[in-house]
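This is structure_29.cif. It holds mmCIF, C-alpha atoms and all ligand atoms; chains and numbers go by the auth columns.
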```cif
data_my_file
#
loop_
_atom_site.group_PDB
_atom_site.id
_atom_site.type_symbol
_atom_site.label_atom_id
_atom_site.label_comp_id
_atom_site.label_asym_id
_atom_site.label_seq_id
_atom_site.Cartn_x
_atom_site.Cartn_y
_atom_site.Cartn_z
_atom_site.B_iso_or_equiv
_atom_site.auth_seq_id
_atom_site.auth_asym_id
ATOM 1 C CA MET A 1 7.969 -15.474 -21.170 0.00 1 A
ATOM 2 C CA ALA A 2 11.347 -15.245 -22.821 0.00 2 A
ATOM 3 C CA ARG A 3 10.632 -11.756 -24.145 0.00 3 A
ATOM 4 C CA ILE A 4 9.675 -10.534 -20.683 0.00 4 A
ATOM 5 C CA GLU A 5 12.937 -11.885 -19.291 0.00 5 A
ATOM 6 C CA THR A 6 14.874 -10.086 -22.018 0.00 6 A
ATOM 7 C CA GLU A 7 13.188 -6.786 -21.244 0.00 7 A
ATOM 8 C CA LEU A 8 13.527 -7.201 -17.495 0.00 8 A
ATOM 9 C CA PHE A 9 17.188 -8.015 -17.591 0.00 9 A
ATOM 10 C CA SER A 10 18.430 -5.578 -20.216 0.00 10 A
ATOM 11 C CA SER A 11 21.832 -4.006 -19.614 0.00 11 A
ATOM 12 C CA ASP A 12 20.340 -0.905 -17.928 0.00 12 A
ATOM 13 C CA ALA A 13 17.952 -2.900 -15.754 0.00 13 A
ATOM 14 C CA ARG A 14 18.066 -2.111 -12.068 0.00 14 A
ATOM 15 C CA CYS A 15 16.100 -2.961 -8.976 0.00 15 A
ATOM 16 C CA SER A 16 12.766 -1.121 -8.944 0.00 16 A
ATOM 17 C CA TYR A 17 13.067 -0.567 -5.214 0.00 17 A
ATOM 18 C CA CYS A 18 16.684 0.344 -4.463 0.00 18 A
ATOM 19 C CA GLY A 19 18.434 0.811 -7.831 0.00 19 A
ATOM 20 C CA GLU A 20 20.795 -2.134 -7.409 0.00 20 A
ATOM 21 C CA TRP A 21 21.854 -3.765 -10.687 0.00 21 A
ATOM 22 C CA ARG A 22 23.211 -7.072 -9.378 0.00 22 A
ATOM 23 C CA GLN A 23 21.342 -10.227 -8.387 0.00 23 A
ATOM 24 C CA LEU A 24 18.198 -9.166 -10.263 0.00 24 A
ATOM 25 C CA GLN A 25 15.083 -11.277 -10.147 0.00 25 A
ATOM 26 C CA ARG A 26 11.450 -11.016 -11.165 0.00 26 A
ATOM 27 C CA ASP A 27 9.183 -9.707 -8.423 0.00 27 A
ATOM 28 C CA HIS A 28 5.403 -9.964 -8.357 0.00 28 A
ATOM 29 C CA ILE A 29 4.297 -6.446 -7.378 0.00 29 A
ATOM 30 C CA ILE A 30 1.066 -7.889 -6.012 0.00 30 A
ATOM 31 C CA PRO A 31 2.317 -11.180 -4.570 0.00 31 A
ATOM 32 C CA ARG A 32 0.847 -14.350 -5.981 0.00 32 A
ATOM 33 C CA CYS A 33 -0.310 -15.270 -2.472 0.00 33 A
ATOM 34 C CA LYS A 34 -2.454 -12.117 -2.547 0.00 34 A
ATOM 35 C CA GLY A 35 -3.913 -12.926 -5.958 0.00 35 A
ATOM 36 C CA GLY A 36 -1.301 -11.194 -8.135 0.00 36 A
ATOM 37 C CA SER A 37 -1.007 -12.478 -11.688 0.00 37 A
ATOM 38 C CA ASP A 38 1.959 -13.509 -13.822 0.00 38 A
ATOM 39 C CA ASP A 39 1.039 -10.752 -16.278 0.00 39 A
ATOM 40 C CA LYS A 40 3.874 -8.436 -17.259 0.00 40 A
ATOM 41 C CA SER A 41 2.063 -5.494 -15.639 0.00 41 A
ATOM 42 C CA ASN A 42 2.487 -7.218 -12.279 0.00 42 A
ATOM 43 C CA ILE A 43 6.177 -8.034 -12.707 0.00 43 A
ATOM 44 C CA ALA A 44 8.962 -5.734 -11.551 0.00 44 A
ATOM 45 C CA VAL A 45 12.718 -6.141 -11.566 0.00 45 A
ATOM 46 C CA SER A 46 13.954 -6.547 -8.017 0.00 46 A
ATOM 47 C CA CYS A 47 17.316 -7.381 -6.518 0.00 47 A
ATOM 48 C CA TRP A 48 17.422 -10.505 -4.430 0.00 48 A
ATOM 49 C CA PRO A 49 17.614 -8.724 -1.035 0.00 49 A
ATOM 50 C CA CYS A 50 14.618 -6.449 -1.838 0.00 50 A
ATOM 51 C CA ASN A 51 12.675 -9.396 -3.204 0.00 51 A
ATOM 52 C CA ARG A 52 13.351 -11.403 -0.071 0.00 52 A
ATOM 53 C CA LEU A 53 12.402 -8.440 2.137 0.00 53 A
ATOM 54 C CA LYS A 54 9.166 -7.813 0.250 0.00 54 A
ATOM 55 C CA SER A 55 8.322 -11.505 0.119 0.00 55 A
ATOM 56 C CA GLY A 56 4.526 -11.967 0.378 0.00 56 A
ATOM 57 C CA LEU A 57 3.825 -8.368 1.395 0.00 57 A
ATOM 58 C CA SER A 58 1.853 -5.861 -0.639 0.00 58 A
ATOM 59 C CA LEU A 59 3.693 -2.833 -1.933 0.00 59 A
ATOM 60 C CA ASP A 60 2.262 -0.645 0.813 0.00 60 A
ATOM 61 C CA GLU A 61 2.994 -3.160 3.535 0.00 61 A
ATOM 62 C CA ALA A 62 6.597 -3.391 2.325 0.00 62 A
ATOM 63 C CA ARG A 63 7.035 0.318 1.583 0.00 63 A
ATOM 64 C CA LEU A 64 8.773 1.349 4.799 0.00 64 A
ATOM 65 C CA LEU A 65 10.914 -1.793 4.859 0.00 65 A
ATOM 66 C CA LEU A 66 12.073 -1.180 1.265 0.00 66 A
ATOM 67 C CA ASN A 67 12.748 2.518 1.866 0.00 67 A
ATOM 68 C CA GLN A 68 14.713 1.706 5.007 0.00 68 A
ATOM 69 C CA ARG A 69 16.840 -0.641 2.970 0.00 69 A
ATOM 70 C CA ARG A 70 17.322 1.905 0.195 0.00 70 A
ATOM 71 C CA PHE A 71 18.233 4.837 2.418 0.00 71 A
ATOM 72 C CA GLY A 72 19.846 2.979 5.319 0.00 72 A
ATOM 73 C CA TRP A 73 17.492 4.419 7.913 0.00 73 A
ATOM 74 C CA PRO A 74 17.259 2.966 11.384 0.00 74 A
ATOM 75 C CA ARG A 75 15.510 -0.327 10.945 0.00 75 A
ATOM 76 C CA PHE A 76 12.025 -1.218 12.033 0.00 76 A
ATOM 77 C CA ASN A 77 11.045 -4.798 11.421 0.00 77 A
ATOM 78 C CA LEU A 78 7.667 -5.746 9.982 0.00 78 A
ATOM 79 C CA GLU A 79 6.109 -6.287 13.414 0.00 79 A
ATOM 80 C CA GLN A 80 7.234 -2.838 14.530 0.00 80 A
ATOM 81 C CA VAL A 81 5.917 -1.232 11.334 0.00 81 A
ATOM 82 C CA LYS A 82 2.536 -2.869 11.912 0.00 82 A
ATOM 83 C CA TRP A 83 2.535 -1.737 15.542 0.00 83 A
ATOM 84 C CA LEU A 84 3.373 1.854 14.603 0.00 84 A
ATOM 85 C CA LYS A 85 0.542 1.917 12.050 0.00 85 A
ATOM 86 C CA GLN A 86 -1.947 0.328 14.441 0.00 86 A
ATOM 87 C CA ASN A 87 -1.100 2.917 17.069 0.00 87 A
ATOM 88 C CA ASN A 88 -1.509 5.778 14.611 0.00 88 A
ATOM 89 C CA PHE A 89 2.069 6.956 14.580 0.00 89 A
ATOM 90 C CA ASP A 90 2.542 9.148 11.517 0.00 90 A
ATOM 91 C CA ILE A 91 5.192 7.339 9.501 0.00 91 A
ATOM 92 C CA SER A 92 4.007 8.760 6.170 0.00 92 A
ATOM 93 C CA LEU A 93 7.182 10.799 5.727 0.00 93 A
ATOM 94 C CA LEU A 94 9.289 7.654 6.090 0.00 94 A
ATOM 95 C CA GLU A 95 7.069 5.663 3.764 0.00 95 A
ATOM 96 C CA GLY A 96 7.367 8.015 0.775 0.00 96 A
ATOM 97 C CA PRO A 97 7.482 6.933 -2.880 0.00 97 A
ATOM 98 C CA LEU A 98 9.512 3.922 -3.930 0.00 98 A
ATOM 99 C CA LEU A 99 12.263 4.310 -6.516 0.00 99 A
ATOM 100 C CA PHE A 100 10.193 3.165 -9.498 0.00 100 A
ATOM 101 C CA GLU A 101 7.330 5.445 -8.415 0.00 101 A
ATOM 102 C CA GLU A 102 9.732 8.406 -8.346 0.00 102 A
ATOM 103 C CA ASP A 103 10.867 7.455 -11.855 0.00 103 A
ATOM 104 C CA CYS A 104 7.242 7.529 -13.017 0.00 104 A
ATOM 105 C CA LEU A 105 6.616 10.901 -11.334 0.00 105 A
ATOM 106 C CA THR A 106 9.693 12.498 -12.873 0.00 106 A
ATOM 107 C CA GLY A 107 9.135 10.869 -16.260 0.00 107 A
ATOM 108 C CA ARG A 108 12.405 8.972 -16.232 0.00 108 A
ATOM 109 C CA LYS A 109 10.566 5.801 -17.216 0.00 109 A
HETATM 110 ZN ZN ZN B . 16.725 -3.717 -4.458 0.00 201 A
#
```
Here is a file; write its structure as structure tokens.
Amino acid sequence: MARIETELFSSDARCSYCGEWRQLQRDHIIPRCKGGSDDKSNIAVSCWPCNRLKSGLSLDEARLLLNQRRFGWPRFNLEQVKWLKQNNFDISLLEGPLLFEEDCLTGRK
């Protein structure tokens, strides 16, 4: 466990979702309440506000909420996001890749 903490909180560590480098915590990418493990592959660095926002949501459930936070878009709350999806509004452009997914796509990590 100690080694994971060292890697997660190295000097260039930043939030996987918004890029913040303060108030970093460990986030379970698949929440434990949804069966996510404590394995390193399921742990991401997250700032406290993103971690709180994501809470027990899956990555895809939290995607729009996290991107809104990152880019400062007009805010939908979780209930509104669910309603928009249920009513087939196309919010795919807003959902987009999360910061750490962009890093993977561009080979920065
Ligand atoms: Zn963050």
| field | Residues within 6 Å of ligand ZN 201 (chain A), counting only C-alpha atoms and all ligand atoms, as a list in words | value |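 Final answer, ordered by chain and number: Cys15, Tyr17, Cys18, Gly19, Glu20, Ser46, Cys47 and Cys50 of chain A.
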Fewer than 4 positions away in the same chain doesn't count, so skip those; otherwise give me all residues within 12 Å of Asn77 of chain A, counting all atoms listed in the file, as a PyMOL selection string.
chain A and resi 53-54+61-66+68-69+73+81-84
Taken to one decimal, the atom CA of Asn67 of chain A-atom CA of Pro49 of chain A distance is 12.6 Å
| At what distance in Å, to one decimal, does atom CA of Leu99 of chain A lie from atom CA of Ser16 of chain A? |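 Computing it gives 6.0 Å between the two atoms.
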Please list, as JSON, numbers by chain, the residues that have an atom at most 9 Å away from (2.4, -5.1, -5.2) in the coordinates of this file, counting only C-alpha atoms.
{"A": [27, 28, 29, 30, 31, 34, 36, 42, 43, 57, 58, 59, 60, 61, 62]}
Please produce an output containing C-alpha atoms for each residue in the selection, written as a compact mmCIF listing (two decimals), keeping the file's coordinate frame.
```txt
# COMPACT_ATOMS: atom_id res chain seq x y z
CA ASP A 27 9.18 -9.71 -8.42
CA HIS A 28 5.40 -9.96 -8.36
CA ILE A 29 4.30 -6.45 -7.38
CA ILE A 30 1.07 -7.89 -6.01
CA PRO A 31 2.32 -11.18 -4.57
CA LYS A 34 -2.45 -12.12 -2.55
CA GLY A 36 -1.30 -11.19 -8.14
CA ASN A 42 2.49 -7.22 -12.28
CA ILE A 43 6.18 -8.03 -12.71
CA LEU A 57 3.82 -8.37 1.40
CA SER A 58 1.85 -5.86 -0.64
CA LEU A 59 3.69 -2.83 -1.93
CA ASP A 60 2.26 -0.64 0.81
CA GLU A 61 2.99 -3.16 3.54
CA ALA A 62 6.60 -3.39 2.33
```
Answer key for the PyMOL selection byres (((chain A and resi 8) around 12) and not hetatm), residues as an MDAnalysis selection string | chainID A and resid 1:7 9:16 21 24:27 40:41 43:47
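Atom pair atom CA of Gly56 of chain A / atom CA of Gly107 of chain A has a distance of 28.6 Å (rounded to one decimal).
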For Phe76 of chain A, the nearest of the candidates A:Glu95, A:Arg52, A:Cys104, A:Asn88, counting only C-alpha atoms: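 That would be A:Glu95, the residue with the smallest distance to Phe76 of chain A.
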Using all atoms listed in the file, the shortest atom-to-atom distance to Arg70 of chain A among A:Pro97, A:Asn87, A:Cys33, A:Ser55 belongs to A:Pro97
Work out where the centre of an axis-aligned box around every listed atom of segment 31-49 of chain A lies and how long its edges are once 6 Å is added on each side; give both in Å to one decimal as lines of an AutoDock Vina configuration file.
```
center_x = 6.9
center_y = -10.4
center_z = -9.1
size_x = 33.5
size_y = 21.8
size_z = 28.2
```
